[in-house]
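Asker: Sharing upload-v4.cif below, mmCIF, C-alpha atoms:
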```
data_data
#
loop_
_atom_site.label_atom_id
_atom_site.label_comp_id
_atom_site.auth_asym_id
_atom_site.auth_seq_id
_atom_site.Cartn_x
_atom_site.Cartn_y
_atom_site.Cartn_z
CA MET A 1 7.03 54.18 78.17
CA PHE A 2 4.78 56.43 76.16
CA ASN A 3 1.38 55.80 74.69
CA LYS A 4 1.61 54.74 71.05
CA THR A 5 -1.75 56.29 70.19
CA ILE A 6 -1.21 58.75 67.36
CA VAL A 7 -3.37 61.78 66.58
CA THR A 8 -2.82 64.62 64.14
CA THR A 9 -2.84 68.36 64.40
CA GLY A 10 -2.28 71.24 62.00
CA LEU A 11 -0.01 74.23 61.95
CA ILE A 12 -1.38 77.38 63.61
CA LEU A 13 -1.47 79.96 60.84
CA ALA A 14 -1.33 83.74 61.12
CA THR A 15 -2.83 85.78 58.29
CA CYS A 16 -1.27 88.90 56.88
CA LEU A 17 -1.93 91.51 54.22
CA GLY A 18 1.41 92.18 52.60
CA ALA A 19 4.81 91.61 54.17
CA PHE A 20 5.24 93.28 57.54
CA ALA A 21 6.96 92.59 60.81
CA GLN A 22 4.94 91.07 63.61
CA PRO A 23 2.95 93.63 65.61
CA ILE A 24 4.81 94.84 68.69
CA ILE A 25 1.86 93.82 70.90
CA ASN A 26 2.54 90.19 69.92
CA HIS A 27 5.55 90.20 72.24
CA TYR A 28 3.05 90.61 75.09
CA LEU A 29 0.09 88.57 73.85
CA ASN A 30 2.21 85.52 73.00
CA ILE A 31 3.37 85.09 76.60
CA GLN A 32 0.89 82.57 77.99
CA PRO A 33 1.14 79.55 80.27
CA GLU A 34 2.09 76.41 78.38
CA PRO A 35 -0.94 74.06 78.32
CA PHE A 36 0.76 71.00 79.78
CA LYS A 37 -1.27 68.14 81.20
CA GLY A 38 -0.80 65.95 84.26
CA GLY A 39 0.80 68.34 86.72
CA ARG A 40 3.67 70.81 86.76
CA VAL A 41 6.31 70.60 84.03
CA SER A 42 9.68 72.14 84.86
CA ALA A 43 11.39 71.62 81.50
CA VAL A 44 11.22 70.06 78.06
CA ILE A 45 14.09 69.04 75.80
CA GLU A 46 13.26 68.86 72.09
CA SER A 47 15.45 67.23 69.42
CA HIS A 48 14.62 68.36 65.86
CA GLU A 49 15.51 66.43 62.72
CA LEU A 50 14.81 67.55 59.15
CA MET A 51 13.26 64.79 57.01
CA ILE A 52 13.01 66.39 53.55
CA ASN A 53 14.81 64.34 50.89
CA ASN A 54 17.85 65.96 49.24
CA VAL A 55 17.65 69.00 51.52
CA ALA A 56 20.57 69.52 53.86
CA GLY A 57 19.63 70.39 57.39
CA GLN A 58 21.47 70.25 60.67
CA PRO A 59 19.74 68.60 63.63
CA PHE A 60 19.38 70.81 66.69
CA THR A 61 18.14 70.61 70.26
CA VAL A 62 15.99 73.12 72.17
CA GLU A 63 15.75 73.12 75.95
CA LYS A 64 12.95 75.12 77.60
CA ARG A 65 12.38 75.74 81.30
CA TYR A 66 9.22 76.93 83.06
CA ASN A 67 8.25 78.55 86.35
CA ASN A 68 5.49 77.41 88.73
CA ALA A 69 2.87 79.23 86.62
CA GLN A 70 4.00 77.22 83.55
CA LEU A 71 5.36 80.39 81.95
CA ILE A 72 8.57 79.94 80.01
CA VAL A 73 11.67 81.41 81.69
CA SER A 74 14.48 80.23 79.40
CA GLU A 75 15.14 78.70 76.01
CA THR A 76 18.45 77.45 74.62
CA SER A 77 18.98 76.15 71.08
CA THR A 78 22.04 73.96 70.48
CA GLY A 79 23.43 72.86 67.13
CA LYS A 80 25.14 69.67 66.02
CA ALA A 81 28.48 70.71 67.53
CA SER A 82 26.80 71.14 70.95
CA GLY A 83 27.36 74.89 70.92
CA ALA A 84 24.47 77.16 71.80
CA ASN A 85 23.30 79.30 68.87
CA LEU A 86 20.41 81.01 70.65
CA THR A 87 19.65 81.76 74.28
CA ARG A 88 16.55 83.60 75.46
CA THR A 89 15.30 84.41 78.94
CA TRP A 90 12.01 85.79 80.27
CA GLU A 91 11.67 87.74 83.52
CA TYR A 92 8.40 88.36 85.38
CA ASP A 93 7.27 90.44 88.33
CA HIS A 94 5.49 89.07 91.43
CA LYS A 95 2.21 89.04 89.47
CA ASN A 96 3.76 86.94 86.70
CA ARG A 97 3.60 89.87 84.30
CA PRO A 98 6.48 89.96 81.78
CA VAL A 99 9.02 92.70 82.41
CA LEU A 100 11.98 91.68 80.24
CA ILE A 101 12.84 89.29 77.39
CA THR A 102 16.53 88.97 76.54
CA THR A 103 17.81 87.22 73.41
CA LYS A 104 21.35 86.39 72.31
CA GLN A 105 21.57 84.79 68.88
CA PHE A 106 24.44 83.76 66.61
CA VAL A 107 23.79 85.03 63.06
CA ASN A 108 26.16 83.55 60.47
CA ILE A 109 29.22 85.76 59.88
CA LEU A 110 27.71 88.61 61.90
CA GLY A 111 28.43 86.79 65.14
CA TRP A 112 26.36 87.19 68.29
CA LYS A 113 23.48 89.66 68.14
CA ASN A 114 21.61 90.88 71.20
CA GLU A 115 18.02 91.97 71.68
CA ARG A 116 15.96 92.87 74.70
CA ILE A 117 12.29 93.70 75.07
CA GLU A 118 11.13 95.76 78.04
CA PHE A 119 7.55 95.97 79.33
CA ALA A 120 6.40 98.83 81.59
CA TYR A 121 3.17 99.18 83.57
CA ASN A 122 1.10 102.12 84.79
CA ASP A 123 1.77 102.79 88.47
CA THR A 124 -1.90 103.61 89.15
CA THR A 125 -3.83 101.06 87.10
CA ASN A 126 -1.07 98.39 86.84
CA PHE A 127 -2.03 98.01 83.17
CA LEU A 128 0.56 97.62 80.41
CA LYS A 129 1.64 101.06 79.18
CA SER A 130 4.66 100.54 76.91
CA ILE A 131 6.81 98.02 75.06
CA LYS A 132 10.36 98.82 73.94
CA VAL A 133 12.55 96.68 71.70
CA PHE A 134 16.32 97.24 71.84
CA LYS A 135 18.90 95.95 69.35
CA GLU A 136 22.47 95.99 70.65
CA ASP A 137 21.41 98.42 73.42
CA ALA A 138 19.92 100.94 70.95
CA ILE A 139 16.16 101.31 70.76
CA ASP A 140 14.75 99.83 67.54
CA ILE A 141 11.00 100.16 67.98
CA SER A 142 8.61 101.13 70.77
CA GLY A 143 4.90 101.18 71.43
CA ASN A 144 2.63 103.19 73.71
CA VAL A 145 -0.23 100.96 74.83
CA LYS A 146 -3.81 101.89 75.71
CA CYS A 147 -5.88 99.34 77.63
CA ASP A 148 -9.60 99.01 78.29
CA ASP A 149 -11.04 99.19 81.80
CA LYS A 150 -10.20 95.50 82.35
CA GLY A 151 -6.54 95.92 81.43
CA SER A 152 -6.67 94.33 77.98
CA PRO A 153 -4.57 96.16 75.33
CA ILE A 154 -6.79 97.67 72.62
CA TYR A 155 -4.60 100.28 70.90
CA VAL A 156 -0.85 100.72 70.34
CA GLU A 157 0.97 103.68 68.80
CA VAL A 158 4.23 102.40 67.29
CA PHE A 159 7.40 104.50 66.90
CA ASN A 160 10.68 103.83 65.09
CA SER A 161 14.23 104.26 66.41
CA LYS A 162 14.09 108.02 65.79
CA GLY A 163 10.81 108.45 67.66
CA ALA A 164 8.65 108.92 64.57
CA HIS A 165 5.13 107.52 64.65
CA THR A 166 5.06 104.79 61.97
CA SER A 167 1.91 102.76 62.57
CA THR A 168 -1.02 102.03 64.85
CA GLU A 169 -2.13 98.60 66.05
CA LYS A 170 -5.82 98.08 66.86
CA ILE A 171 -6.63 94.98 68.89
CA TYR A 172 -10.01 93.23 68.85
CA TYR A 173 -11.08 90.33 71.09
CA LEU A 174 -13.39 87.61 69.78
CA PRO A 175 -14.04 85.26 72.73
CA ALA A 176 -16.48 83.08 70.76
CA ASN A 177 -13.63 82.14 68.42
CA ASN A 178 -10.92 82.26 71.14
CA LEU A 179 -9.26 84.83 68.93
CA VAL A 180 -7.40 88.13 69.14
CA LYS A 181 -7.32 90.07 65.86
CA ILE A 182 -4.58 92.68 65.43
CA MET A 183 -5.06 95.18 62.60
CA VAL A 184 -2.05 97.34 61.72
CA TYR A 185 -2.54 100.72 60.07
CA LYS A 186 0.03 103.05 58.55
CA ILE A 187 0.01 106.69 59.64
CA ASN A 188 -2.18 107.52 56.60
CA ASN A 189 -4.76 105.09 58.07
CA GLN A 190 -4.14 102.50 55.32
CA LEU A 191 -4.46 98.91 56.51
CA SER A 192 -1.07 97.23 56.15
CA GLY A 193 -1.56 93.89 57.90
CA ILE A 194 -3.73 91.59 59.99
CA THR A 195 -2.50 89.02 62.50
CA ASN A 196 -4.62 86.52 64.41
CA VAL A 197 -3.47 84.88 67.65
CA PRO A 198 -5.33 82.68 70.17
CA LEU A 199 -6.86 84.39 73.17
CA ASP A 200 -6.03 81.27 75.19
CA ASN A 201 -3.48 78.94 73.60
CA SER A 202 -4.72 75.99 75.66
CA LYS A 203 -8.02 76.02 73.72
CA PRO A 204 -8.97 75.71 70.02
CA PHE A 205 -9.36 78.92 68.07
CA THR A 206 -10.83 79.70 64.67
CA HIS A 207 -11.03 82.54 62.19
CA SER A 208 -12.56 82.97 58.75
CA THR A 209 -9.38 82.47 56.70
CA LEU A 210 -8.75 78.98 58.07
CA ASN A 211 -10.50 75.69 57.55
CA ARG A 212 -9.83 73.86 60.80
CA GLU A 213 -10.96 70.51 62.15
CA TYR A 214 -10.39 69.07 65.62
CA TYR A 215 -10.29 65.70 67.30
CA SER A 216 -12.56 65.06 70.27
CA ASN A 217 -9.68 65.74 72.68
CA GLY A 218 -9.31 69.28 71.29
CA ASP A 219 -6.18 68.69 69.21
CA ILE A 220 -6.18 70.11 65.70
CA MET A 221 -6.71 67.56 62.94
CA LEU A 222 -6.35 69.81 59.90
CA ASP A 223 -5.43 73.41 59.17
CA SER A 224 -5.72 74.77 55.63
CA ILE A 225 -6.40 78.11 53.98
CA ASN A 226 -10.12 78.64 53.48
CA GLY A 227 -11.67 79.96 50.28
CA ASN A 228 -8.50 79.85 48.14
CA ASN A 229 -8.66 77.36 45.27
CA LYS A 230 -5.10 78.08 44.15
CA ILE A 231 -3.42 77.34 47.47
CA ASN A 232 -4.24 73.88 48.75
CA GLN A 233 -1.24 73.16 50.96
CA ALA A 234 -1.49 72.57 54.69
CA TYR A 235 0.55 71.24 57.59
CA TYR A 236 -0.43 67.97 59.20
CA TYR A 237 1.13 66.76 62.44
CA GLU A 238 1.25 63.28 63.90
CA TYR A 239 1.86 62.93 67.63
CA GLU A 240 2.73 60.24 70.13
CA TYR A 241 1.84 60.96 73.76
CA ASP A 242 3.19 60.00 77.16
CA SER A 243 1.00 58.60 79.93
CA LYS A 244 0.03 62.11 81.11
CA GLY A 245 -1.17 63.24 77.69
CA ASN A 246 1.77 65.43 76.68
CA TRP A 247 3.32 64.71 73.29
CA VAL A 248 6.80 63.18 73.12
CA VAL A 249 7.14 62.59 69.37
CA LYS A 250 5.86 64.91 66.65
CA THR A 251 6.17 64.40 62.91
CA THR A 252 5.38 67.37 60.66
CA TYR A 253 4.01 66.73 57.17
CA GLN A 254 3.24 69.01 54.27
CA VAL A 255 0.08 67.86 52.49
CA ASN A 256 -2.31 68.85 49.75
CA VAL A 257 -6.00 69.23 50.59
CA THR A 258 -8.66 68.57 47.97
CA LYS A 259 -11.90 70.53 47.63
CA SER A 260 -13.65 67.75 49.55
CA ASN A 261 -11.06 68.12 52.36
CA LYS A 262 -9.19 64.90 51.55
CA ILE A 263 -5.50 64.65 52.37
CA ARG A 264 -3.14 63.95 49.47
CA ASN A 265 0.65 63.85 48.87
CA LYS A 266 1.66 63.48 52.50
CA LYS A 267 5.37 64.38 52.78
CA ALA A 268 7.30 64.32 56.05
CA GLU A 269 9.28 67.49 56.78
CA GLU A 270 10.49 67.29 60.37
CA LYS A 271 10.53 64.93 63.33
CA THR A 272 10.72 66.29 66.87
CA THR A 273 11.39 64.08 69.87
CA ARG A 274 10.59 65.66 73.23
CA GLN A 275 11.52 64.75 76.79
CA VAL A 276 9.03 66.21 79.28
CA ILE A 277 10.45 66.72 82.76
CA TYR A 278 7.86 66.86 85.57
CA GLY A 279 8.08 68.33 89.05
#
```
Translate this file's structure into structure tokens.

Answerer:
Amino acid sequence: MFNKTIVTTGLILATCLGAFAQPIINHYLNIQPEPFKGGRVSAVIESHELMINNVAGQPFTVEKRYNNAQLIVSETSTGKASGANLTRTWEYDHKNRPVLITTKQFVNILGWKNERIEFAYNDTTNFLKSIKVFKEDAIDISGNVKCDDKGSPIYVEVFNSKGAHTSTEKIYYLPANNLVKIMVYKINNQLSGITNVPLDNSKPFTHSTLNREYYSNGDIMLDSINGNNKINQAYYYEYEYDSKGNWVVKTTYQVNVTKSNKIRNKKAEEKTTRQVIYG
């Protein structure tokens, strides 16, 4: 039986200037141990159900498996007909550094599409030196990575499939906000986008474009765009937890936030039921 106590949390938002693909360094920075509570978790099985009125949506199930370091090693998404529509695997070396991500996804009439992401490390320093993204066995994009003396990536030169330098990613670490800021520049040094990701996804993080509030247990209560009077929408989550403190039911709502930070027009969008497998 799970604990019926319900708390709320908001959607983690990334900020961008203009429309651009995610920075290539995100493939590396986003690989972090899952912040489970109450001991080792070997797998979770999530069932997703769309709750928007008059909007057709097929329920689907996602199964994720983890290694002893609580790093994800596989993910399988299954549709209503019980057929897998996405499979993804992660491979790590003996230091739990990512070396390969492989994705196979079914895309409408295009059929199955394949992608792999390869990470390489410097033989002398053991720091990350390159990231390569392949589509159907042909290189799509690559990045040469420069790290600081502690091994944290700080600079990435990005190249397209023909080897032309297309952009540069500059990475800044803000420990006080538990934040990594990635600024992407075109080759003419024009800023084309900014992405913010948590330095440690087990802890709260903040940045200036978000208005964020937390419960005493560290879960997010509210996430909304800060300083924009025209956009007042936010995502609001309600959770139910098991006896170890991991959520087993999550309901996602879209809400409006007033200037005084009051929640209005709460509309359910999705319900996720999760089985957490321990051991």

Asker: Which of these, A:Ile225, A:Asn177, A:Asn246, A:Glu115, has the shortest distance to Lys259 of chain A once you count only C-alpha atoms?

Answerer: A:Ile225

Asker: Starting from the shown file, work through the PyMOL selection byres ((chain A and resi 105) around 7) and note down what comes out as a list in words.

Answerer: Asn85, Leu86, Thr87, Thr103, Lys104, Phe106, Val107, Trp112, Lys113 and Asn114 of chain A

Asker: As an exercise, work out the distance from atom CA of Pro35 of chain A to atom CA of Thr272 of chain A in Å and give it to one decimal place.

Answerer: 18.1 Å

Asker: Name the residues that the PyMOL selection byres ((chain A and resi 147) around 10) picks from the file above, as a list in words, using the file's chain letters and numbers.

Answerer: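 On the file shown, the PyMOL selection byres ((chain A and resi 147) around 10) covers Thr125, Phe127, Leu128, Lys129, Val145, Lys146, Asp148, Asp149, Lys150, Gly151, Ser152, Pro153, Ile154, Tyr155, Val156 and Ile171 of chain A.
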
Asker: Which neighbours of Arg88 of chain A fall inside 8 Å, counting only C-alpha atoms, when residues of the same chain fewer than 5 positions from it are skipped, and could you give them as JSON, numbers by chain?

Answerer: {"A": [74, 75, 76, 101, 102, 103, 104]}

Asker: Deliver the residues from the most recent selection as a file, using C-alpha atoms, as a PDB file, in the coordinates of the input.

Answerer:
```
ATOM      1  CA  SER A  74      14.480  80.230  79.400  1.00  0.00           C
ATOM      2  CA  GLU A  75      15.140  78.700  76.010  1.00  0.00           C
ATOM      3  CA  THR A  76      18.450  77.450  74.620  1.00  0.00           C
ATOM      4  CA  ILE A 101      12.840  89.290  77.390  1.00  0.00           C
ATOM      5  CA  THR A 102      16.530  88.970  76.540  1.00  0.00           C
ATOM      6  CA  THR A 103      17.810  87.220  73.410  1.00  0.00           C
ATOM      7  CA  LYS A 104      21.350  86.390  72.310  1.00  0.00           C
TER       8      LYS A 104
END
```
